[in-house]
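See below for protein09.txt, which holds compact mmCIF, C-alpha atoms.
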```
# COMPACT_ATOMS: atom_id res chain seq x y z
CA MET A 202 84.46 -65.28 32.28
CA LYS A 203 82.78 -68.69 32.42
CA LYS A 204 84.11 -70.91 35.20
CA ASP A 205 84.92 -73.88 32.97
CA ILE A 206 86.73 -72.09 30.12
CA GLN A 207 89.76 -73.91 28.70
CA VAL A 208 92.63 -71.92 27.19
CA ALA A 209 95.34 -73.90 25.36
CA ILE A 210 98.66 -72.19 24.64
CA ASP A 211 101.13 -74.12 22.49
CA GLY A 212 104.46 -73.34 20.89
CA PRO A 213 108.16 -74.27 20.72
CA ALA A 214 110.70 -73.93 23.53
CA SER A 215 111.12 -70.41 24.99
CA SER A 216 108.36 -68.90 22.87
CA GLY A 217 106.91 -67.37 26.05
CA LYS A 218 104.18 -69.94 26.73
CA SER A 219 104.68 -70.46 30.45
CA THR A 220 105.27 -66.79 31.25
CA VAL A 221 102.13 -65.53 29.55
CA ALA A 222 100.02 -68.52 30.63
CA LYS A 223 100.78 -67.81 34.29
CA ILE A 224 99.91 -64.12 33.93
CA ILE A 225 96.68 -64.82 32.05
CA ALA A 226 95.57 -67.45 34.55
CA LYS A 227 96.15 -65.02 37.41
CA LYS A 228 94.34 -62.15 35.68
CA LEU A 229 91.31 -64.32 34.89
CA GLY A 230 91.28 -66.29 38.14
CA LEU A 231 91.85 -69.62 36.39
CA ILE A 232 93.97 -72.68 37.20
CA TYR A 233 97.43 -72.80 35.57
CA CYS A 234 99.00 -76.09 34.52
CA ASP A 235 102.65 -76.09 33.34
CA THR A 236 102.78 -79.27 31.26
CA GLY A 237 106.39 -78.69 30.22
CA ALA A 238 107.42 -78.77 33.87
CA MET A 239 105.59 -82.09 34.22
CA TYR A 240 107.66 -83.73 31.47
CA ARG A 241 110.80 -82.17 32.89
CA SER A 242 109.87 -83.60 36.28
CA VAL A 243 109.56 -87.10 34.85
CA THR A 244 112.93 -86.65 33.13
CA TRP A 245 114.53 -85.42 36.36
CA ALA A 246 113.15 -88.44 38.23
CA VAL A 247 114.45 -90.83 35.57
CA LEU A 248 117.95 -89.33 35.70
CA ASN A 249 117.92 -89.06 39.48
CA ARG A 250 117.06 -92.75 39.84
CA GLN A 251 119.53 -93.70 37.11
CA ILE A 252 116.92 -95.43 34.98
CA ASP A 253 118.09 -96.29 31.48
CA LEU A 254 116.30 -93.96 29.06
CA ALA A 255 116.23 -96.80 26.54
CA ASP A 256 114.11 -98.83 28.98
CA THR A 257 110.85 -97.16 28.00
CA ALA A 258 108.75 -99.56 30.09
CA ALA A 259 110.65 -98.55 33.26
CA VAL A 260 110.39 -94.87 32.38
CA ALA A 261 106.63 -95.20 31.84
CA ARG A 262 106.18 -97.07 35.14
CA LEU A 263 107.92 -94.23 36.92
CA ALA A 264 105.77 -91.63 35.16
CA ARG A 265 102.63 -93.44 36.35
CA THR A 266 103.75 -93.67 39.97
CA ILE A 267 105.30 -90.28 40.82
CA LYS A 268 103.11 -87.41 41.96
CA ILE A 269 103.84 -84.07 40.30
CA SER A 270 102.40 -81.03 42.05
CA PHE A 271 102.63 -77.25 41.95
CA GLN A 272 102.64 -74.62 44.65
CA PRO A 273 102.57 -70.82 44.38
CA GLY A 274 106.00 -69.19 44.42
CA ASP A 275 107.63 -65.81 43.94
CA PRO A 276 108.49 -65.13 41.19
CA ASP A 277 108.00 -68.65 39.82
CA GLN A 278 105.58 -71.45 40.58
CA ARG A 279 107.27 -74.18 42.64
CA VAL A 280 107.36 -77.74 41.29
CA PHE A 281 107.51 -80.93 43.34
CA VAL A 282 108.08 -84.60 42.54
CA ASP A 283 106.46 -86.39 45.44
CA ALA A 284 107.86 -84.43 48.42
CA VAL A 285 111.02 -83.17 46.70
CA GLU A 286 111.14 -79.65 45.24
CA VAL A 287 112.59 -79.71 41.73
CA THR A 288 111.88 -76.15 40.58
CA LYS A 289 115.52 -75.43 39.72
CA PRO A 290 116.86 -78.92 38.88
CA ILE A 291 114.30 -79.49 36.11
CA ARG A 292 115.63 -76.42 34.27
CA GLU A 293 119.25 -77.55 34.23
CA GLY A 294 121.16 -78.83 31.22
CA ALA A 295 120.93 -82.56 31.84
CA VAL A 296 117.13 -82.45 31.98
CA SER A 297 116.89 -80.11 28.99
CA SER A 298 119.04 -82.48 26.93
CA HIS A 299 116.85 -85.51 27.60
CA VAL A 300 113.31 -84.23 28.07
CA SER A 301 112.40 -84.54 24.37
CA ALA A 302 113.30 -88.23 24.41
CA VAL A 303 111.22 -88.85 27.52
CA ALA A 304 108.29 -86.81 26.22
CA ALA A 305 108.31 -88.83 22.98
CA ILE A 306 107.51 -92.09 24.80
CA PRO A 307 103.81 -92.84 24.10
CA THR A 308 103.09 -94.38 27.50
CA VAL A 309 104.68 -91.42 29.28
CA ARG A 310 102.50 -89.03 27.31
CA GLU A 311 99.45 -91.12 28.16
CA ALA A 312 100.25 -90.86 31.87
CA MET A 313 100.84 -87.11 31.71
CA THR A 314 97.80 -86.46 29.51
CA MET A 315 95.62 -88.25 32.06
CA GLN A 316 96.98 -86.07 34.88
CA GLN A 317 96.56 -82.92 32.80
CA ARG A 318 92.94 -83.70 31.95
CA GLN A 319 92.23 -84.42 35.61
CA ILE A 320 93.56 -80.96 36.47
CA ALA A 321 91.44 -79.40 33.70
CA ASP A 322 88.34 -81.14 35.06
CA GLN A 323 88.71 -79.15 38.29
CA GLY A 324 87.54 -75.94 36.58
CA GLY A 325 88.65 -73.16 34.26
CA ILE A 326 92.20 -73.77 33.06
CA VAL A 327 95.09 -72.16 31.21
CA MET A 328 97.41 -74.90 30.03
CA ASP A 329 100.58 -74.54 27.98
CA GLY A 330 102.72 -77.07 26.16
CA ARG A 331 103.28 -78.45 22.68
CA ASP A 332 100.19 -80.58 22.08
CA ILE A 333 97.53 -79.04 24.30
CA GLY A 334 95.27 -77.78 21.53
CA THR A 335 95.74 -80.88 19.38
CA THR A 336 95.80 -83.75 21.91
CA VAL A 337 95.29 -82.87 25.58
CA LEU A 338 92.42 -80.38 25.28
CA PRO A 339 91.24 -80.69 21.66
CA ASN A 340 87.95 -78.98 22.51
CA ALA A 341 89.52 -76.00 24.29
CA ASP A 342 87.52 -72.78 23.96
CA VAL A 343 90.60 -70.76 22.97
CA LYS A 344 93.74 -72.05 21.27
CA ILE A 345 96.88 -69.95 20.86
CA PHE A 346 100.06 -70.97 19.03
CA LEU A 347 103.06 -68.81 19.95
CA VAL A 348 106.14 -68.58 17.71
CA ALA A 349 109.39 -66.59 17.80
CA SER A 350 112.75 -66.73 16.02
CA ALA A 351 115.27 -69.26 17.35
CA HIS A 352 117.73 -66.45 18.11
CA GLU A 353 115.19 -64.50 20.15
CA ARG A 354 114.18 -67.62 22.07
CA ALA A 355 117.83 -68.46 22.81
CA LEU A 356 118.40 -64.93 24.08
CA ARG A 357 115.37 -65.25 26.38
CA ARG A 358 116.64 -68.56 27.76
CA TYR A 359 120.13 -67.10 28.29
CA LYS A 360 118.77 -64.10 30.21
CA GLU A 361 116.37 -66.29 32.20
CA ASN A 362 119.23 -68.55 33.31
CA GLN A 363 121.23 -65.53 34.44
CA ILE A 364 118.33 -64.13 36.45
CA LYS A 365 117.71 -67.49 38.11
CA GLY A 366 121.39 -67.98 38.91
CA LEU A 367 121.67 -71.10 36.76
CA ASP A 368 124.83 -72.05 34.89
CA SER A 369 124.33 -70.85 31.33
CA LYS A 370 125.93 -72.09 28.15
CA PRO A 371 127.08 -69.59 25.48
CA LEU A 372 124.23 -67.98 23.53
CA ALA A 373 125.20 -69.70 20.26
CA GLU A 374 125.15 -73.09 21.95
CA ILE A 375 121.73 -72.42 23.45
CA GLU A 376 120.39 -71.40 20.03
CA ALA A 377 121.73 -74.60 18.46
CA ALA A 378 120.11 -76.66 21.22
CA ILE A 379 116.77 -74.90 20.71
CA LYS A 380 116.84 -75.61 16.98
CA LEU A 381 117.57 -79.28 17.71
CA ARG A 382 114.73 -79.34 20.26
CA ASP A 383 112.36 -77.87 17.68
CA GLN A 384 113.35 -80.56 15.19
CA LYS A 385 112.82 -83.35 17.74
CA ASP A 386 109.50 -81.98 18.97
CA SER A 387 108.12 -81.38 15.48
CA THR A 388 109.04 -84.79 14.08
CA ARG A 389 108.28 -87.14 16.97
CA LYS A 390 105.67 -89.75 16.10
CA VAL A 391 103.45 -89.19 19.14
CA SER A 392 101.75 -85.81 19.63
CA PRO A 393 104.29 -83.72 17.70
CA LEU A 394 104.56 -79.97 18.09
CA LYS A 395 101.87 -78.79 15.68
CA LYS A 396 99.54 -75.84 15.36
CA ALA A 397 95.90 -76.85 15.77
CA ALA A 398 93.76 -76.00 12.75
CA ASP A 399 91.62 -73.64 14.84
CA ALA A 400 94.49 -72.02 16.80
CA VAL A 401 95.43 -68.34 16.49
CA GLU A 402 99.14 -67.94 15.67
CA LEU A 403 100.98 -65.12 17.40
CA ASP A 404 104.60 -64.19 16.64
CA THR A 405 106.19 -62.90 19.86
CA THR A 406 109.66 -62.12 18.45
CA SER A 407 109.28 -58.36 18.65
CA LEU A 408 106.61 -58.20 21.36
CA SER A 409 106.98 -57.58 25.07
CA ILE A 410 105.35 -59.93 27.57
CA ASP A 411 102.68 -57.31 28.32
CA GLN A 412 101.89 -56.96 24.62
CA VAL A 413 101.53 -60.73 24.19
CA VAL A 414 99.29 -60.95 27.26
CA ASP A 415 97.08 -58.11 26.02
CA ARG A 416 96.66 -59.71 22.60
CA ILE A 417 95.74 -63.08 24.09
CA LEU A 418 93.28 -61.47 26.52
CA ASN A 419 91.63 -59.74 23.56
CA ILE A 420 91.35 -63.07 21.75
CA ILE A 421 89.78 -64.66 24.84
CA GLU A 422 87.35 -61.74 25.20
CA LYS A 423 86.26 -62.08 21.57
CA SER A 424 85.63 -65.80 22.06
CA ARG A 425 83.04 -65.21 24.78
```
Output the file's structure as structure tokens, nothing else.
Amino acid sequence: MKKDIQVAIDGPASSGKSTVAKIIAKKLGLIYCDTGAMYRSVTWAVLNRQIDLADTAAVARLARTIKISFQPGDPDQRVFVDAVEVTKPIREGAVSSHVSAVAAIPTVREAMTMQQRQIADQGGIVMDGRDIGTTVLPNADVKIFLVASAHERALRRYKENQIKGLDSKPLAEIEAAIKLRDQKDSTRKVSPLKKAADAVELDTTSLSIDQVVDRILNIIEKSR
């Protein structure tokens, strides 16, 4: 495995991006960057500081000034905004409801893209998100686009919330929210959720995590 390989994994909410990206990075000894957690962290900071979401200039200023960092955790990677751990808060309902709006702000995306590229410059990287293969790392060596039915993704989110001890909405409500999130992410003007022309699409609806990981590892092996 070359030391500077870049693997971009994109897809809609709860398609399995973060889970498989973390496993693949660990197996290959690469850096893992959770871009979704970065946008959630900005959203958490905006809500926590009671900044008006309509004040895009203020939101962008905040995005440029906070430091988002990751630390190893068990079972999940820990996320920090400056010195405050936000691993659980950024997964709660208020953040989930507003992250698409924050992520759609061009100047916020510019700030996050800069941080993400700086992380990628440190060495081999596995990065997941919604615009990694199209915008953040357009020259990535391997591009994967994961998809799954809205119902399956809602079920995954519901089970994940239960395991993590988070308050969970009814399954039908989660599915409706995921469909709305898909619509927002796919139609935003800046860096919309879109499959890169050279990405390999993989439907994970009926696949286990191990099966998805194995298929992606095979794709990476063939790219060498």
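With distances restricted to all atoms listed in the file, A:Gln207 is the closest residue to A:Gln323 from A:Thr244, A:Gln207, A:Thr220, A:Gln363.
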Neighbour list for A:Thr336 as a PyMOL selection string, cut-off 9 Å, all atoms listed in the file, skip fewer than 4 positions in-chain: chain A and resi 314+332+392
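Put simply, atom CA of A:Met328 is 7.0 Å away from atom CA of A:Thr236.
By all atoms listed in the file, and with residues fewer than 4 positions from A:Thr335 along its chain excluded, the set lying at most 8 Å from it is Pro339, Ser392, Lys395, Lys396 and Ala397 of chain A.
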Report, in Å to a single decimal, how far apart atom CA of A:Asp235 and atom CA of A:Val309 are. 16.0 Å
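With all atoms listed in the file as the atoms that count, the residue of A:Arg358, A:Lys423, A:Arg331, A:Arg310 with the shortest distance to A:Arg262 is A:Arg310.
Closest approach to A:Val337 from the set A:Gln278, A:Ile252, A:Ala238, A:Val208 is made by A:Val208, with distances taken over only C-alpha atoms.
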Find the spatial neighbours of A:Arg357, counting all atoms listed in the file, within a cut-off of 9 Å - ignore same-chain residues fewer than 3 positions away - and output them as an NGL selection string. :A and (215-217 or 352-354 or 360-362)
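The spacing separating atom CA of A:Val296 from atom CA of A:Gly237 amounts to 11.5 Å.
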Build an axis-aligned box that encloses every atom of stretch 340-358 of chain A listed in the file, pad it by 5 Å on each side, and report its centre and edge lengths in Å to one decimal, as AutoDock Vina command-line options.
```
--center_x 103.0 --center_y -71.7 --center_z 21.9 --size_x 40.9 --size_y 24.5 --size_z 21.7
```
For A:Ala304, the closest of A:Ser409, A:Ser219, A:Thr257, A:Thr266 counting only C-alpha atoms is A:Thr257
Which polymer residues, whether protein, DNA or RNA, lie within 10 Å of the coordinate (100.4, -71.4, 35.2) when you count only C-alpha atoms? List them as a PyMOL selection string, using the chain letters and numbers from the file. chain A and resi 218-227+231-236+271+273+277-278+326-329
What lies within 10 Å of A:Val303 using all atoms listed in the file, ignoring chain neighbours under 2 positions off, as a PyMOL selection string? chain A and resi 240-241+243-244+247+254-255+257+260-261+264+296+299-301+305-310
If we draw a sphere of 10 Å around (117.8, -76.2, 37.6), which residues have at least one atom in it when counting all atoms listed in the file? Please report them as a compact mmCIF listing (two decimals) with C-alpha atoms, in the frame of the given file.
```txt
# COMPACT_ATOMS: atom_id res chain seq x y z
CA TRP A 245 114.53 -85.42 36.36
CA VAL A 287 112.59 -79.71 41.73
CA THR A 288 111.88 -76.15 40.58
CA LYS A 289 115.52 -75.43 39.72
CA PRO A 290 116.86 -78.92 38.88
CA ILE A 291 114.30 -79.49 36.11
CA ARG A 292 115.63 -76.42 34.27
CA GLU A 293 119.25 -77.55 34.23
CA GLY A 294 121.16 -78.83 31.22
CA ALA A 295 120.93 -82.56 31.84
CA VAL A 296 117.13 -82.45 31.98
CA SER A 297 116.89 -80.11 28.99
CA ASN A 362 119.23 -68.55 33.31
CA LYS A 365 117.71 -67.49 38.11
CA GLY A 366 121.39 -67.98 38.91
CA LEU A 367 121.67 -71.10 36.76
CA ASP A 368 124.83 -72.05 34.89
```
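In this comparison, which uses only C-alpha atoms, the residue of A:Arg389, A:Lys370, A:Lys344, A:Arg265 approaching A:Val401 most closely is A:Lys344.
Minimum distance to A:Leu248 across A:Ala349, A:Lys268, A:Glu422, A:Ser298 (counting all atoms listed in the file) occurs at A:Ser298.
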Residues at most 9 Å from A:Ile206, counting only C-alpha atoms, excluding those fewer than 3 positions away in the same chain, as a PyMOL selection string? chain A and resi 202-203+231+324-327+341-343
